[in-house]
Each structure stands twice: as C-alpha cells, then as structure tokens.
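Source file: query-v3.tsv (TSV, C-alpha atoms and all ligand atoms)
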```
chain	number	residue	atom	x	y	z
E	26	MET	CA	135.72	90.31	109.71
E	27	ARG	CA	135.47	93.46	111.85
E	28	VAL	CA	133.23	96.19	110.38
E	29	LEU	CA	132.71	99.67	111.78
E	30	VAL	CA	129.26	100.92	110.70
E	31	THR	CA	128.38	104.59	111.19
E	32	GLY	CA	124.70	105.56	111.37
E	33	GLY	CA	123.82	101.99	112.35
E	34	ALA	CA	120.88	103.08	114.51
E	35	GLY	CA	119.16	104.68	111.50
E	36	PHE	CA	116.94	103.18	108.83
E	37	ILE	CA	119.44	101.72	106.33
E	38	GLY	CA	122.30	101.44	108.83
E	39	SER	CA	120.26	99.21	111.13
E	40	ALA	CA	119.35	96.94	108.19
E	41	VAL	CA	123.08	96.71	107.38
E	42	VAL	CA	123.97	95.94	111.01
E	43	ARG	CA	121.27	93.26	111.33
E	44	TYR	CA	122.46	91.67	108.08
E	45	LEU	CA	126.17	91.70	108.97
E	46	VAL	CA	125.69	90.51	112.56
E	47	LEU	CA	122.93	87.93	112.10
E	48	GLU	CA	123.47	86.62	108.54
E	49	LYS	CA	127.18	87.13	107.92
E	50	GLY	CA	128.40	86.58	111.48
E	51	TYR	CA	130.77	89.57	111.28
E	52	GLU	CA	131.95	91.51	114.32
E	53	VAL	CA	130.29	94.90	114.11
E	54	LEU	CA	130.85	98.15	115.96
E	55	THR	CA	127.92	100.52	115.41
E	56	VAL	CA	128.83	104.19	115.86
E	57	ASP	CA	125.86	106.53	116.07
E	58	LYS	CA	125.07	109.86	117.71
E	59	LEU	CA	121.41	108.88	118.18
E	60	THR	CA	119.93	112.02	116.66
E	61	TYR	CA	116.13	112.25	116.29
E	62	ALA	CA	116.52	109.76	113.39
E	63	GLY	CA	118.45	107.11	115.28
E	64	THR	CA	117.02	104.73	117.85
E	65	LEU	CA	118.45	101.70	119.62
E	66	THR	CA	115.10	99.96	119.22
E	67	SER	CA	116.04	99.46	115.55
E	68	LEU	CA	118.94	97.32	116.80
E	69	LYS	CA	116.86	95.20	119.21
E	70	ALA	CA	117.46	92.10	117.08
E	71	VAL	CA	121.23	92.31	117.72
E	72	ASP	CA	121.02	93.44	121.36
E	73	ASN	CA	122.26	90.22	122.86
E	74	GLN	CA	124.64	89.20	120.11
E	75	GLN	CA	128.25	88.76	121.21
E	76	ASN	CA	129.48	90.00	117.83
E	77	HIS	CA	127.83	93.43	118.13
E	78	ARG	CA	128.88	96.51	120.09
E	79	PHE	CA	127.39	99.98	120.16
E	80	LEU	CA	129.22	103.28	120.64
E	81	LYS	CA	127.28	106.51	121.03
E	82	ALA	CA	129.48	109.09	119.31
E	83	ASP	CA	129.32	111.99	116.87
E	84	ILE	CA	131.24	111.37	113.64
E	85	CYS	CA	132.48	114.98	113.89
E	86	ASP	CA	134.22	114.15	117.21
E	87	ARG	CA	137.81	113.47	116.18
E	88	MET	CA	138.95	112.05	119.54
E	89	ALA	CA	135.99	109.66	119.86
E	90	ILE	CA	136.29	108.38	116.29
E	91	ALA	CA	140.09	108.01	116.46
E	92	GLU	CA	139.68	106.03	119.69
E	93	ALA	CA	137.02	103.82	118.06
E	94	PHE	CA	139.45	102.98	115.23
E	95	GLU	CA	142.30	102.25	117.64
E	96	SER	CA	140.32	100.03	119.98
E	97	PHE	CA	138.10	98.16	117.48
E	98	LYS	CA	140.68	97.92	114.66
E	99	PRO	CA	138.16	97.64	111.81
E	100	GLN	CA	139.03	95.86	108.59
E	101	ARG	CA	136.15	97.66	106.89
E	102	VAL	CA	134.23	100.89	107.43
E	103	MET	CA	130.70	101.34	106.13
E	104	HIS	CA	129.90	105.02	106.50
E	105	LEU	CA	126.16	105.71	106.54
E	106	ALA	CA	125.77	108.34	109.29
E	107	ALA	CA	124.16	111.43	107.81
E	108	GLU	CA	121.36	113.91	108.09
E	109	SER	CA	119.04	112.45	105.48
E	110	HIS	CA	115.71	114.27	105.21
E	111	VAL	CA	115.45	116.71	102.28
E	112	ASP	CA	112.64	118.80	103.82
E	113	ARG	CA	114.67	119.30	107.01
E	114	SER	CA	117.66	120.40	104.93
E	115	ILE	CA	115.54	123.12	103.31
E	116	THR	CA	114.35	124.40	106.69
E	117	GLY	CA	117.86	124.34	108.21
E	118	ALA	CA	120.96	123.18	106.36
E	119	ARG	CA	123.59	123.63	109.09
E	120	ASP	CA	123.37	120.10	110.56
E	121	PHE	CA	123.61	118.71	107.02
E	122	VAL	CA	126.85	120.55	106.32
E	123	GLU	CA	128.27	119.65	109.72
E	124	THR	CA	127.46	115.94	109.72
E	125	ASN	CA	127.51	115.11	106.02
E	126	VAL	CA	130.52	117.21	105.02
E	127	ILE	CA	132.63	117.80	108.16
E	128	GLY	CA	131.65	114.43	109.66
E	129	THR	CA	132.68	112.59	106.48
E	130	PHE	CA	135.94	114.55	106.36
E	131	ASN	CA	136.60	113.49	109.97
E	132	MET	CA	135.78	109.83	109.21
E	133	LEU	CA	138.17	109.88	106.23
E	134	GLU	CA	140.98	111.48	108.21
E	135	CYS	CA	140.59	109.10	111.17
E	136	ALA	CA	140.46	106.15	108.77
E	137	ARG	CA	143.58	107.41	106.97
E	138	THR	CA	145.57	107.77	110.21
E	139	PHE	CA	144.58	104.28	111.31
E	140	TRP	CA	145.10	102.70	107.87
E	141	SER	CA	148.52	104.33	107.29
E	142	ALA	CA	149.92	102.59	110.36
E	143	LEU	CA	148.74	99.10	109.35
E	144	PRO	CA	151.08	96.42	107.98
E	145	MET	CA	151.04	96.26	104.15
E	146	ASP	CA	148.77	93.20	103.81
E	147	GLU	CA	146.16	94.76	106.15
E	148	ARG	CA	146.41	98.09	104.32
E	149	GLU	CA	145.63	96.32	101.05
E	150	ALA	CA	142.62	94.47	102.49
E	151	PHE	CA	141.14	97.55	104.24
E	152	ARG	CA	138.04	99.19	102.68
E	153	PHE	CA	136.14	102.40	103.39
E	154	LEU	CA	132.66	102.31	101.83
E	155	HIS	CA	131.09	105.74	101.58
E	156	VAL	CA	127.30	105.37	101.24
E	157	SER	CA	125.53	108.02	99.21
E	158	THR	CA	122.42	108.81	97.23
E	159	ASP	CA	121.32	109.12	93.60
E	160	GLU	CA	120.07	112.62	94.47
E	161	VAL	CA	123.62	113.91	93.82
E	162	TYR	CA	122.89	113.52	90.09
E	163	GLY	CA	119.99	116.01	90.16
E	164	SER	CA	116.78	115.48	88.23
E	165	LEU	CA	116.01	113.41	85.11
E	166	GLY	CA	113.53	114.21	82.36
E	167	GLU	CA	111.08	111.60	81.11
E	168	GLU	CA	113.83	109.49	79.52
E	169	GLY	CA	117.20	108.13	80.61
E	170	LEU	CA	118.80	106.70	83.72
E	171	PHE	CA	121.54	107.80	86.14
E	172	THR	CA	124.79	105.95	85.43
E	173	GLU	CA	128.07	106.19	87.31
E	174	GLU	CA	129.19	108.71	84.66
E	175	THR	CA	126.24	111.11	85.09
E	176	PRO	CA	127.61	114.53	86.13
E	177	TYR	CA	126.79	115.72	89.63
E	178	ASP	CA	124.03	118.36	89.73
E	179	PRO	CA	122.46	118.37	93.22
E	180	SER	CA	119.30	120.43	93.86
E	181	SER	CA	118.69	120.45	97.63
E	182	PRO	CA	120.95	121.33	100.58
E	183	TYR	CA	120.80	117.59	101.46
E	184	SER	CA	121.95	116.37	98.06
E	185	ALA	CA	124.57	119.15	97.82
E	186	SER	CA	126.03	118.07	101.17
E	187	LYS	CA	126.08	114.42	100.04
E	188	ALA	CA	127.70	115.40	96.71
E	189	SER	CA	130.33	117.26	98.66
E	190	SER	CA	131.04	114.23	100.86
E	191	ASP	CA	131.29	111.98	97.77
E	192	HIS	CA	133.95	114.29	96.32
E	193	LEU	CA	135.90	114.21	99.59
E	194	ALA	CA	135.73	110.39	99.69
E	195	LYS	CA	137.03	110.08	96.11
E	196	ALA	CA	139.74	112.67	96.72
E	197	TRP	CA	140.98	110.66	99.72
E	198	ALA	CA	141.33	107.67	97.40
E	199	ARG	CA	143.13	109.59	94.66
E	200	THR	CA	145.34	111.77	96.83
E	201	TYR	CA	146.16	109.52	99.77
E	202	GLY	CA	145.48	106.07	98.31
E	203	LEU	CA	142.86	105.32	100.99
E	204	PRO	CA	140.93	102.29	99.67
E	205	VAL	CA	137.59	104.05	99.26
E	206	VAL	CA	134.55	102.78	97.32
E	207	VAL	CA	131.41	104.92	96.84
E	208	SER	CA	127.82	103.74	96.40
E	209	ASN	CA	124.91	105.88	95.17
E	210	CYS	CA	121.50	104.42	95.83
E	211	SER	CA	117.92	105.28	94.92
E	212	ASN	CA	115.07	105.76	97.43
E	213	ASN	CA	114.82	103.02	100.04
E	214	TYR	CA	111.73	101.77	101.83
E	215	GLY	CA	110.97	98.99	104.30
E	216	PRO	CA	110.84	98.27	108.04
E	217	TYR	CA	112.29	100.71	110.66
E	218	HIS	CA	111.86	103.76	108.38
E	219	PHE	CA	111.41	106.95	110.41
E	220	PRO	CA	107.74	108.05	110.28
E	221	GLU	CA	108.47	111.42	108.61
E	222	LYS	CA	109.42	109.78	105.27
E	223	LEU	CA	106.80	109.35	102.52
E	224	ILE	CA	105.98	105.65	102.77
E	225	PRO	CA	105.76	105.20	106.58
E	226	LEU	CA	103.99	108.57	106.89
E	227	MET	CA	101.29	107.44	104.47
E	228	ILE	CA	100.84	104.05	106.18
E	229	LEU	CA	100.56	105.55	109.66
E	230	ASN	CA	98.37	108.49	108.64
E	231	ALA	CA	96.07	106.06	106.83
E	232	LEU	CA	95.91	103.93	109.97
E	233	ASP	CA	94.94	107.02	112.01
E	234	GLY	CA	92.43	108.27	109.41
E	235	LYS	CA	94.55	111.42	108.90
E	236	PRO	CA	95.10	113.23	105.56
E	237	LEU	CA	97.70	111.72	103.23
E	238	PRO	CA	99.68	114.78	102.04
E	239	VAL	CA	100.95	114.35	98.47
E	240	TYR	CA	103.36	117.10	97.32
E	241	GLY	CA	102.12	118.97	94.22
E	242	ASN	CA	100.35	116.83	91.65
E	243	GLY	CA	102.13	113.67	92.80
E	244	THR	CA	103.74	112.96	89.43
E	245	ASN	CA	107.35	113.10	90.69
E	246	ILE	CA	108.99	109.74	90.08
E	247	ARG	CA	111.28	107.82	92.44
E	248	ASP	CA	113.04	104.49	91.89
E	249	TRP	CA	112.25	102.37	94.96
E	250	LEU	CA	114.56	99.78	96.54
E	251	TYR	CA	113.68	97.51	99.46
E	252	VAL	CA	116.10	98.31	102.29
E	253	GLU	CA	117.29	94.71	102.80
E	254	ASP	CA	118.30	94.56	99.12
E	255	HIS	CA	120.36	97.71	99.71
E	256	ALA	CA	122.02	96.17	102.78
E	257	ARG	CA	123.10	93.14	100.73
E	258	ALA	CA	124.36	95.39	97.95
E	259	LEU	CA	126.48	97.41	100.38
E	260	ASP	CA	128.08	94.25	101.75
E	261	VAL	CA	128.91	93.07	98.21
E	262	ILE	CA	130.35	96.48	97.25
E	263	ALA	CA	132.44	96.67	100.44
E	264	GLU	CA	133.75	93.17	99.79
E	265	ARG	CA	134.39	93.18	96.06
E	266	GLY	CA	133.98	96.74	94.76
E	267	ARG	CA	137.02	98.18	92.98
E	268	ILE	CA	138.92	100.88	94.86
E	269	GLY	CA	138.11	104.44	93.78
E	270	GLU	CA	135.02	103.29	91.87
E	271	THR	CA	131.37	104.26	92.20
E	272	TYR	CA	128.53	101.72	92.12
E	273	ASN	CA	124.93	102.77	91.54
E	274	VAL	CA	122.35	100.76	93.47
E	275	GLY	CA	118.70	100.58	92.38
E	276	GLY	CA	115.82	98.20	92.04
E	277	ARG	CA	114.44	99.16	88.61
E	278	ASN	CA	111.14	100.06	90.26
E	279	GLU	CA	110.15	103.52	89.12
E	280	ARG	CA	106.86	104.79	90.51
E	281	ARG	CA	105.04	108.13	90.57
E	282	ASN	CA	104.50	109.32	94.16
E	283	ILE	CA	100.73	109.31	93.66
E	284	ASP	CA	100.86	105.66	92.49
E	285	VAL	CA	102.88	104.73	95.59
E	286	VAL	CA	100.29	106.36	97.83
E	287	GLU	CA	97.37	104.72	95.98
E	288	ARG	CA	99.08	101.31	96.28
E	289	ILE	CA	99.51	101.84	100.03
E	290	CYS	CA	95.81	102.77	100.28
E	291	ALA	CA	94.82	99.58	98.43
E	292	LEU	CA	97.00	97.47	100.75
E	293	MET	CA	95.55	99.23	103.79
E	294	ASP	CA	92.05	98.46	102.48
E	295	LYS	CA	93.06	94.78	102.35
E	296	LEU	CA	95.08	94.52	105.58
E	297	HIS	CA	93.18	97.07	107.70
E	298	PRO	CA	89.68	97.24	106.18
E	299	ALA	CA	88.26	99.31	109.07
E	300	GLY	CA	89.19	102.65	107.44
E	301	ALA	CA	88.50	101.72	103.80
E	302	PRO	CA	88.55	103.27	101.29
E	303	HIS	CA	91.79	104.89	102.48
E	304	ALA	CA	92.29	106.73	99.17
E	305	ARG	CA	89.61	109.22	100.30
E	306	LEU	CA	92.33	110.63	102.65
E	307	ILE	CA	94.67	111.68	99.79
E	308	THR	CA	95.23	115.47	99.91
E	309	HIS	CA	97.41	117.41	97.47
E	310	VAL	CA	99.58	120.01	99.27
E	311	THR	CA	102.09	122.72	98.20
E	312	ASP	CA	105.01	121.19	96.33
E	313	ARG	CA	108.55	121.00	97.77
E	314	PRO	CA	110.81	123.87	96.56
E	315	GLY	CA	113.32	122.52	94.01
E	316	HIS	CA	111.48	119.17	93.89
E	317	ASP	CA	113.39	116.90	91.47
E	318	ALA	CA	111.03	115.49	88.83
E	319	ARG	CA	112.45	112.02	88.36
E	320	TYR	CA	115.18	109.72	89.65
E	321	ALA	CA	116.00	106.38	88.03
E	322	ILE	CA	119.08	104.24	88.47
E	323	ASP	CA	120.98	102.10	86.00
E	324	ALA	CA	122.44	99.39	88.27
E	325	THR	CA	124.06	97.40	85.43
E	326	LYS	CA	127.61	97.85	86.74
E	327	LEU	CA	126.73	96.44	90.18
E	328	GLU	CA	124.66	93.64	88.67
E	329	GLU	CA	127.18	92.56	86.01
E	330	GLU	CA	130.47	93.23	87.78
E	331	LEU	CA	129.56	92.15	91.32
E	332	GLY	CA	126.61	89.83	90.65
E	333	TRP	CA	124.06	91.61	92.89
E	334	LYS	CA	120.35	91.66	92.03
E	335	ALA	CA	117.40	93.05	93.95
E	336	GLN	CA	115.28	90.24	95.40
E	337	GLU	CA	112.14	92.29	96.00
E	338	ASN	CA	110.11	94.16	93.43
E	339	PHE	CA	107.98	97.10	94.53
E	340	ASP	CA	104.76	95.07	94.81
E	341	THR	CA	106.25	92.40	97.08
E	342	GLY	CA	108.33	94.89	99.10
E	343	ILE	CA	105.52	97.38	99.74
E	344	GLU	CA	103.14	94.66	100.95
E	345	LYS	CA	105.79	93.41	103.41
E	346	THR	CA	106.37	96.99	104.54
E	347	VAL	CA	102.70	97.81	105.17
E	348	ALA	CA	102.30	94.52	107.07
E	349	TRP	CA	105.43	95.27	109.14
E	350	TYR	CA	104.08	98.66	110.26
E	351	LEU	CA	100.74	97.13	111.18
E	352	GLU	CA	102.51	94.46	113.27
E	353	ASN	CA	105.21	96.60	114.89
E	354	ARG	CA	103.44	99.37	116.70
E	355	TRP	CA	105.97	99.00	119.59
E	356	TRP	CA	108.68	100.41	117.30
E	357	TRP	CA	106.98	103.38	115.65
E	358	GLU	CA	104.50	104.53	118.30
E	359	PRO	CA	107.09	106.23	120.60
E	360	LEU	CA	108.80	107.85	117.59
E	361	ARG	CA	105.53	109.14	116.20
E	362	ALA	CA	104.51	110.49	119.61
E	363	GLY	CA	107.77	112.49	119.81
E	364	TYR	CA	107.49	113.87	116.28
E	365	SER	CA	105.18	116.83	115.67
E	366	GLY	CA	104.46	116.03	112.02
E	367	THR	CA	104.69	119.75	111.17
E	368	ARG	CA	105.29	120.32	107.46
E	369	LEU	CA	108.97	121.16	106.93
E	370	GLY	CA	110.81	122.46	103.89
E	371	LEU	CA	108.53	125.31	102.85
E	372	ILE	CA	110.37	128.57	102.37
E	373	GLU	CA	108.93	131.51	104.27
E	374	PRO	CA	109.95	134.77	102.57
E	375	LYS	CA	112.06	137.32	104.54
E	376	LYS	CA	113.08	134.78	107.21
E	377	ALA	CA	116.67	133.62	107.67
E	378	THR	CA	116.85	129.84	107.50
E	379	ALA	CA	120.39	129.14	108.71
O	1	LIG	P1	118.58	107.93	108.75
O	1	LIG	O1	118.32	109.40	108.91
O	1	LIG	O2	117.48	106.97	108.98
O	1	LIG	O3	119.77	107.51	109.73
O	1	LIG	C1	120.92	108.27	109.90
O	1	LIG	C2	121.63	107.79	111.17
O	1	LIG	O4	122.83	108.56	111.30
O	1	LIG	C3	120.82	107.97	112.44
O	1	LIG	O5	120.89	106.81	113.23
O	1	LIG	C4	121.50	109.14	113.13
O	1	LIG	O6	121.41	109.08	114.55
O	1	LIG	C5	122.93	108.99	112.65
O	1	LIG	N1	123.68	110.26	112.69
O	1	LIG	C6	123.26	111.46	112.18
O	1	LIG	N2	124.20	112.39	112.44
O	1	LIG	C7	125.22	111.76	113.07
O	1	LIG	C8	126.48	112.19	113.56
O	1	LIG	N3	126.87	113.46	113.47
O	1	LIG	N4	127.30	111.27	114.16
O	1	LIG	C9	126.90	109.97	114.27
O	1	LIG	N5	125.72	109.52	113.84
O	1	LIG	C10	124.88	110.41	113.23
O	1	LIG	O7	119.22	107.77	107.30
O	1	LIG	P2	119.08	106.56	106.26
O	1	LIG	O8	117.88	106.77	105.44
O	1	LIG	O9	119.27	105.29	106.99
O	1	LIG	O10	120.35	106.85	105.34
O	1	LIG	C11	121.62	106.29	105.64
O	1	LIG	C12	122.62	106.70	104.58
O	1	LIG	O11	122.19	106.26	103.31
O	1	LIG	C13	122.79	108.22	104.47
O	1	LIG	O12	124.15	108.49	104.24
O	1	LIG	C14	121.95	108.59	103.27
O	1	LIG	O13	122.45	109.75	102.64
O	1	LIG	C15	122.11	107.36	102.41
O	1	LIG	N6	120.98	107.07	101.49
O	1	LIG	C16	119.70	107.04	101.95
O	1	LIG	C17	118.66	106.72	101.06
O	1	LIG	C18	117.22	106.61	101.53
O	1	LIG	O14	116.33	106.38	100.70
O	1	LIG	N7	116.92	106.71	102.81
O	1	LIG	C19	118.94	106.45	99.74
O	1	LIG	C20	120.27	106.48	99.30
O	1	LIG	C21	121.27	106.79	100.21
```

Please express the file's structure as structure tokens.
Ligand code: NAD
Amino acid sequence: MRVLVTGGAGFIGSAVVRYLVLEKGYEVLTVDKLTYAGTLTSLKAVDNQQNHRFLKADICDRMAIAEAFESFKPQRVMHLAAESHVDRSITGARDFVETNVIGTFNMLECARTFWSALPMDEREAFRFLHVSTDEVYGSLGEEGLFTEETPYDPSSPYSASKASSDHLAKAWARTYGLPVVVSNCSNNYGPYHFPEKLIPLMILNALDGKPLPVYGNGTNIRDWLYVEDHARALDVIAERGRIGETYNVGGRNERRNIDVVERICALMDKLHPAGAPHARLITHVTDRPGHDARYAIDATKLEEELGWKAQENFDTGIEKTVAWYLENRWWWEPLRAGYSGTRLGLIEPKKATA
C-alpha cells in the first residue's frame, strides 16, 4: 500500500505517518512545506525506515504536487496539511485561505488528473481522505452532539477555511467521481503537539513556573481525543469509509478548559513536585473573539459502521501526554525557543488584519 500523506511533519500528520510506517508497514511519502508548525524531528522515529520518504513541498505548488503523484503513484492520499491554529487565523487569515482552500483545491485537482489516467481497477481502489475538524459545525449549546448531518456554521477564519475545503472535497466526489471520503474530528492532544496549543502550553508553562493563561472564565467545552486514536481512525476511514461520506471522529471526552488545566496542574504536582501547587499559576485572560462555547462529537457512525473505538480516555491520555513532555525536552525545547509566546487572536480596533 502506497500512501501520500500531506502535513506529515505536523502534530496529527506525524502520528499518522508513524502509525502507517511502523505499525502497518505501508510505503509512505510525506509531503510537507515545513511551516513553523512542521518539524522533521516529529518524524525521527521513521527516519531510517526504507518504507518512508519525505518531500518538502507546498500543497499549493501544482508542479511539485503533480510530480509527486506521478513519481510515487499513491493508492491513497491522506490530506492533513493545513494552517491549524485558530488564534493565528484571527490575527491573519491569508495563509489559512491559501493553504486550506487553494491548497486543498490543488490537491484535489492533482489527484483527479492522476486518478483519471489509472486503469479501472486502480481507479476503483483509489481513495482521497480529506481530514477536517468538528469546528466546521460551529458551537453547541449545553445539550446535543455534532452528527454528520449537523449543518455547517463555522465561526473563525480557520473553521471557515476548513468548511470551504470540505465543500470542495465533496464536490470533487459528486462532480468528478473522485473517490473522496471526509473526516471531521474533535480536539486532539498528545505527544509532538506544537507548544502554542492549550495542552502543551499549559504543561510547559507550568514546568517553567509561568502563568497558565485560561481564556475567559474557562467554561468553554472541548471533546478531547488522543492523537494516536485519531491516527488509527483515519487509517480505518481511508480503508473502509464509503465514498462521498463524512465520518465524525471523537473520543466522548468532553471537558471544560478550566478542568483540563486543573488536571494538568494535578499531574504536574505528581510528576514534577518541585513547582507544586501548579494551580497557583492559573490566570484568567481576555477571551478569544467568537470563542465557540462547546464542541461534542457523536462518533456512532464510525464506531458502528467501521468498528473503530478510542482506546484512551482523557485521564489515561493526559497522564501519558504530561509524562511525554517531561521526558522529551529534546523535541519541544528548540520549538519553544523559536516561538515568542505572544498572545495572538485579539482584535485591535482600527488596524487592518489581512
Ligand atoms: P499542525 O499545524 O500541527 O500541522 C500542519 C502541518 O501542515 C505542518 O507540518 C505544516 O508544515 C504543514 N503545512 C502547512 N501548510 C502547508 C502547505 N501549504 N503545504 C504543505 N504543508 C503545509 O496541524 P494538526 O493539528 O496536525 O492538524 C492536521 C489536520 O487535522 C489539519 O487539517 C487540521 O485542520 C485537522 N484537525 C486538527 C485537529 C486538532 O485538534 N489539532 C482536530 C481536527 C482536525
């Protein structure tokens, strides 16, 4: 099995690549531009594997992507490359539109050109998995879950750009017959998560004795999924998902942000007692503009139709994650040194943001 993975040097992409190369024994071509969010150190575990190759390329670059299809001849594409940080999208949305919308369009067109020229049996077996987020569905109230039928209602420039790419992916299935499957997943956490995201930021700030900035009152709810569970889900969806369908991916682990941060503090007290009690570092800061109140995924379709189930619950996954960051300074220290930590995503009146 030859799989082309875009965004494979990022957080989820690298978990997918490690899983496919090391556990499934597939041949994998990772295509990644290596933006601030991508690093080859996340792929160290597959460095010397014969069944892995890396190509530094921008998914918007038509020539480079077309050439990657022609030379690697993938049987599957798993498209994860994206700009992914909501706060960054509020401060400047251009990269999000370029990579998430134009880049996805380019991936679909290059895939279609390659796929159209395949013999019939290979055309039928080919799959293009477009990886997306539950944020396309907007915000939930206190009750209810996002299903595959929930109407799209994105709030941030990030989620709007992902919603747009989902529509393109489905249109390429309906209009051109490209065998596309779409997945929409809840918030991921785990090893190799870039230090600007909530969970690694809290672990590393706690380690440094720095304030733990919680947006607003901390009552916004996210549905957390351990990244390796997501990687397994994506493989199952790419393998057995029905063409043109959407599959929601989630771990049934809803938590308020403040509870996540308090749990991390408790684990830090246990695993790194020097700074205890770490909860004294919690600081409430100005809320994110347009901050969605609650996300929660109904993953019944994926569980019942394709037989996937999350293996980690939040308590087991978060303990593994805190321990991983404490043991893997080599990975995050250079990234943290190169990242200013400045608060992004606050709107300054009278300033253009484009
Ligand atoms: P990430 O920011 O950690 O990684 C993105 C990767 O894409 C990086 O390696 C980056 O270098 C690469 N990239 C960015 N622009 C590129 C371009 N123009 N050409 C080639 N490569 C480019 O993101 P992530 O958290 O791993 O998310 C991966 C995918 O999963 C995204 O599509 C995201 O929307 C989706 N998703 C993420 C979450 C989450 O909780 N993180 C949840 C659901 C869905």

Residue among E:His155, E:Arg43, E:Lys98, E:Arg27 lying closest to ligand LIG 1 (chain O), counting all atoms listed in the file: E:His155

Work out how far apart CA of Val102 in chain E and atom O4 of ligand LIG 1 (chain O) are and give it in Å to one decimal.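 According to the coordinates, CA of Val102 in chain E and atom O4 of ligand LIG 1 (chain O) are separated by 14.3 Å.
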
Give me, as a list in words, all polymer residues having an atom no more than 8 Å from Tyr177 in chain E, counting all atoms listed in the file and skipping those fewer than 2 positions away in the same chain. Val161, Tyr162, Gly163, Thr175, Pro179 and Ala188 of chain E

Long-range neighbours of range 273-275 of chain E as a ChimeraX atom specification, 7 Å cut-off, all atoms listed in the file, 3 positions minimum in chain: /E:172-173,208-211,248,250,322-324,327

For ligand LIG 1 (chain O), list the contacting residues at 6 Å or closer, counting all atoms listed in the file, as a VMD selection string. chain E and resid 32 to 38 57 to 60 62 to 63 82 to 85 105 to 109 124 156 to 158 210 to 213

Tell me, counting only C-alpha atoms, for each residue of range 166-201 of chain E within 12 Å of range 308-319 of chain E, which pair of atoms is nearest and how far apart they are in Å to one decimal, in rows ordered by chain and increasing number, as a tab-separated table.
```
residue	atom	partner	partner_atom	distance
E:Gly166	CA	E:Arg319	CA	6.5
E:Glu167	CA	E:Arg319	CA	7.4
E:Glu168	CA	E:Arg319	CA	9.3
E:Gly169	CA	E:Arg319	CA	9.9
E:Leu170	CA	E:Arg319	CA	9.5
E:Phe171	CA	E:Arg319	CA	10.3
E:Asp178	CA	E:Asp317	CA	10.9
E:Pro179	CA	E:Asp317	CA	9.4
E:Ser180	CA	E:Gly315	CA	6.3
E:Ser181	CA	E:Gly315	CA	6.8
E:Pro182	CA	E:Gly315	CA	10.1
E:Tyr183	CA	E:Gly315	CA	11.7
E:Ser184	CA	E:Asp317	CA	10.8
```

Mind dumping the selected residues with C-alpha atoms as a PDB file, keeping the file's coordinate frame?
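Result file follows (out29.pdb):
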```
ATOM      1  CA  GLY E 166     113.530 114.210  82.360  1.00  0.00           C
ATOM      2  CA  GLU E 167     111.080 111.600  81.110  1.00  0.00           C
ATOM      3  CA  GLU E 168     113.830 109.490  79.520  1.00  0.00           C
ATOM      4  CA  GLY E 169     117.200 108.130  80.610  1.00  0.00           C
ATOM      5  CA  LEU E 170     118.800 106.700  83.720  1.00  0.00           C
ATOM      6  CA  PHE E 171     121.540 107.800  86.140  1.00  0.00           C
ATOM      7  CA  ASP E 178     124.030 118.360  89.730  1.00  0.00           C
ATOM      8  CA  PRO E 179     122.460 118.370  93.220  1.00  0.00           C
ATOM      9  CA  SER E 180     119.300 120.430  93.860  1.00  0.00           C
ATOM     10  CA  SER E 181     118.690 120.450  97.630  1.00  0.00           C
ATOM     11  CA  PRO E 182     120.950 121.330 100.580  1.00  0.00           C
ATOM     12  CA  TYR E 183     120.800 117.590 101.460  1.00  0.00           C
ATOM     13  CA  SER E 184     121.950 116.370  98.060  1.00  0.00           C
TER      14      SER E 184
END
```

Nearest candidate to Gly342 in chain E (options E:Trp355, E:Trp140, E:Tyr201, E:Tyr214; using only C-alpha atoms):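 Among E:Trp355, E:Trp140, E:Tyr201, E:Tyr214, it is E:Tyr214 that comes nearest to Gly342 in chain E.
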
Who sits within 10 Å of range 229-234 of chain E, all atoms listed in the file, same chain under 2 positions skipped, as a PyMOL selection string: chain E and resi 220-221+224-227+236-238+286+289-290+293-294+297-307+347+350-351+354+357-358+361

Give the answer as one residue: which of E:Phe94, E:Trp349, E:Phe153, E:Trp356 has the shortest atom-to-atom distance to Lys69 in chain E, using all atoms listed in the file? E:Trp356

Missing atoms in range 218-222 of chain E should be modelled up to all heavy atoms and reported as an mmCIF file, keeping the file's coordinate frame.
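selection_25.cif was written with the following content:
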```cif
data_model
loop_
_atom_site.group_PDB
_atom_site.id
_atom_site.type_symbol
_atom_site.label_atom_id
_atom_site.label_comp_id
_atom_site.auth_asym_id
_atom_site.auth_seq_id
_atom_site.Cartn_x
_atom_site.Cartn_y
_atom_site.Cartn_z
ATOM 1 N N HIS E 218 111.688 102.485 109.084
ATOM 2 C CA HIS E 218 111.860 103.760 108.380
ATOM 3 C C HIS E 218 111.197 104.840 109.207
ATOM 4 O O HIS E 218 110.014 104.735 109.530
ATOM 5 C CB HIS E 218 111.205 103.649 107.000
ATOM 6 C CG HIS E 218 111.746 104.569 105.966
ATOM 7 N ND1 HIS E 218 111.248 104.601 104.687
ATOM 8 C CD2 HIS E 218 112.737 105.498 105.999
ATOM 9 C CE1 HIS E 218 111.932 105.498 103.983
ATOM 10 N NE2 HIS E 218 112.823 106.056 104.760
ATOM 11 N N PHE E 219 111.922 105.902 109.522
ATOM 12 C CA PHE E 219 111.410 106.950 110.410
ATOM 13 C C PHE E 219 110.092 107.526 109.861
ATOM 14 O O PHE E 219 109.994 107.824 108.657
ATOM 15 C CB PHE E 219 112.449 108.067 110.574
ATOM 16 C CG PHE E 219 112.122 109.020 111.680
ATOM 17 C CD1 PHE E 219 112.389 108.700 113.002
ATOM 18 C CD2 PHE E 219 111.522 110.240 111.414
ATOM 19 C CE1 PHE E 219 112.069 109.578 114.033
ATOM 20 C CE2 PHE E 219 111.190 111.131 112.425
ATOM 21 C CZ PHE E 219 111.474 110.791 113.743
ATOM 22 N N PRO E 220 109.087 107.708 110.740
ATOM 23 C CA PRO E 220 107.740 108.050 110.280
ATOM 24 C C PRO E 220 107.583 109.375 109.532
ATOM 25 O O PRO E 220 106.488 109.663 109.060
ATOM 26 C CB PRO E 220 106.916 108.090 111.574
ATOM 27 C CG PRO E 220 107.710 107.393 112.598
ATOM 28 C CD PRO E 220 109.146 107.428 112.182
ATOM 29 N N GLU E 221 108.635 110.178 109.390
ATOM 30 C CA GLU E 221 108.470 111.420 108.610
ATOM 31 C C GLU E 221 108.615 111.174 107.103
ATOM 32 O O GLU E 221 108.256 112.027 106.299
ATOM 33 C CB GLU E 221 109.487 112.480 109.043
ATOM 34 C CG GLU E 221 110.911 112.179 108.631
ATOM 35 C CD GLU E 221 111.958 113.140 109.192
ATOM 36 O OE1 GLU E 221 111.598 114.214 109.688
ATOM 37 O OE2 GLU E 221 113.151 112.786 109.137
ATOM 38 N N LYS E 222 109.161 110.029 106.700
ATOM 39 C CA LYS E 222 109.420 109.780 105.270
ATOM 40 C C LYS E 222 108.134 109.325 104.577
ATOM 41 O O LYS E 222 107.228 108.765 105.221
ATOM 42 C CB LYS E 222 110.530 108.738 105.114
ATOM 43 C CG LYS E 222 111.877 109.155 105.725
ATOM 44 C CD LYS E 222 112.604 110.195 104.899
ATOM 45 C CE LYS E 222 113.862 110.728 105.554
ATOM 46 N NZ LYS E 222 115.081 109.981 105.378
#
```
